[in-house]
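Here the structure comes first, spelled out in structure tokens, and everything after it is commentary.
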Amino acid sequence: MTSTRSSAFAALILLWLAGNGLRLTILAVPPILALIILDLKLSGTQVGILNAIPVFLFALVAVPGSLLIARVGAVPALIIGLLIAAAGSALRGVAFDAMTLYVATVVMAAGIAVMQPALPPTVRQWAPQRIGFATAVYTNGLLFGEIFPVVLAAVILPLVAGSWRASLVLWSIPLAIIALVIFIFQPGGKSAPPARHRHWMPDWRSPLLWKIGLMMGGANQLYFCANAFFPGYMLQIGHTELIGPALTALNIGQLPASFILLAMASRWERKKWPLLGAGAIGVAGVAGLLLGSSSWVIVGAAAAIGFACAVVLTLVLALPALMVAPDDVPRFSAGVFTIGYGLAMVISILGGIAWDVSRDAAYAFAPVTVAAFFIILFALLTDFSRRQF
């Protein structure tokens with residue numbers, strides 16, 4: 001019994017570390033972006049492209065990632081994704097112009113895009129009796145992976161003498177270490193037979209796939225677009241002093257949700273009301289950003305958006321392993337990521353167009369708000385008690 005508990009705890013630690021690997025190298029860029037811009041003389045458009053590449057790759061490579069999982073198994077694919085992402089991050093440190101930076105970012109993002117559909121079947125393989133809780137654990141790791149590079153930037157930069165290149169190389173090292181740790185300590189040992197899957201192409205005709213994918217997309221676009229459009233809106237209305245606090249609140253606001261779900265995930269999985277409540281909180285948060293008359297309301301609204309996105313992300317990520325046959329989890333997850341990140345890209349573009357046409361940054365949030373209602377709509381339309389096997 002003790003051995004079983006020890007193995008289960010080790011699996012959760014490995015999942016938490018893998019969750020960190022999903023975000024560490026992506027969020028390593030914002031703290032040093034100004035240095036990169038000055039050194040490589042990047043234009044605003046080039047910065048926009050750099051920021052868009054990861055989201056684009058997450059949508060584009062999810063299905064090929066499912067094919068890799070079908071060929072080698074979920075855990076080996078997870079390890080391969082970590083190593084590719086580590087290599088891409090290190091290569092960014094030797095970029096000499098915008099194009100080489102793009103290419104290295106594509107490599108890094110492709111590795112992460114492989115990891116994402118590998119994690120749900122890994123959860124099912126390592127923690128079949130606690131899928132909701134195990135998903136909350138790796139999502140908690142993902143959120144910490146977003147925070148560590150930002151919080152530790154003040155420590156890392158002096159260590160590397162202010163070099164953005166050395167910083168990016170340094171942040172690639174944890175991913176390589178995580179890959180090695182998973183390889184050595186994976187449940188069953190490194191000689192454990194990989195769980196292979198016969199099918200890799202998502203069933204695009206599945207209504208459940210689109211419902212879950214669009215719910216995830218509603219949360220993804222809300223998070224990414226709030227980060228992208230809020231600073232411009234604050235600049236327009238003359239409250240630039242709120243940009244830093246509100247963006248910090250947006251990201252830190254995810255942590256309370258993650259810790260609540262660590263305690264409640266098993267009780268909330270397959271339930272409609274947490275998704276409906278989170279969707280309503282997210283929509284209310286957008287209203288607070290646009291209509292808030294005080295700094296406390298605006299910062300609180302940003303935190304509410306982060307909280308809502310974390311709740312939806314955690315609960316939705318658990319659904320493939322809970323609702324479809326084990327053999328279909330990787331391809332179903334890949335389809336969910338493709339739809340979810342694809343919607344985030346489309347809404348981001350539509351929001352930018354609305355801003356340009358109206359010349360008012362507030363209008364960028366119109367498509368964002370509409371898409372946020374997808375969380376509520378498709379939670380109402382989905383029967384979470386059914387299983388497709």
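For the structure tokens, the naming scheme is as follows: chains receive sequential letters (A, B, ...) according to their order of presentation, residues are indexed from 1 within each chain, and ligands are indexed from 1 in presentation order.
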
Could you pull the residues within 7 Å of stretch 128-142 of chain A, counting only C-alpha atoms, minus those fewer than 2 positions along the same chain, as a ChimeraX atom specification? /A:12,15-20,22-23,123-126,144-146,258,261-262,265-266,269,314,317-318

Nearby residues (only C-alpha atoms) at most 12 Å from A:Gly21, same-chain spacing under 4 positions excluded, as a PyMOL selection string: chain A and resi 14-17+25-28+78-79+81-86+89+108-109+111-116+119+138-146+148-149+171-179+182

Show me, as a ChimeraX atom specification, the residues that have an atom within 12 Å of A:Ala284 when counting only C-alpha atoms, minus same-chain residues fewer than 5 positions from it. /A:222,277-279,289-292,297-298,300-308,369,372-373

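Nearest to A:Ala104 of all the residues A:Leu67, A:Ile53, A:Ala74, A:Leu242 is A:Ile53, counting only C-alpha atoms.
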
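Across the model, the gap from atom CA of A:Phe229 to atom CA of A:Leu315 is 25.9 Å.
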
Go through A:Phe9, A:Trp164, A:Tyr233, A:Phe365 and flag the residue nearest A:Ala34, using only C-alpha atoms for the distances. A:Trp164

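Atom to atom, atom CA of A:Ile252 and atom CA of A:Ala127 stand 27.7 Å apart.
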
Quick one: everything within 9 Å of stretch 58-65 of chain A, counting only C-alpha atoms, minus sequence neighbours fewer than 5 positions away in the same chain. Send it as a PyMOL selection string. chain A and resi 53+70+77+81+109-118+200-202+330-331+333-342+345

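When only C-alpha atoms are used to measure the gap to A:Ile347, the shortest distance among A:Ile237, A:Ala287, A:Val72, A:Ala228 belongs to A:Ala228.
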
Distance of atom CA of A:Ser167 from atom CA of A:Phe183, expressed in Å to one decimal place: 25.6 Å

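Nearest-residue note for A:Ala219: choosing from A:Ile243, A:Ile281, A:Ile32, A:Ile375, the minimum distance belongs to A:Ile375, counting only C-alpha atoms.
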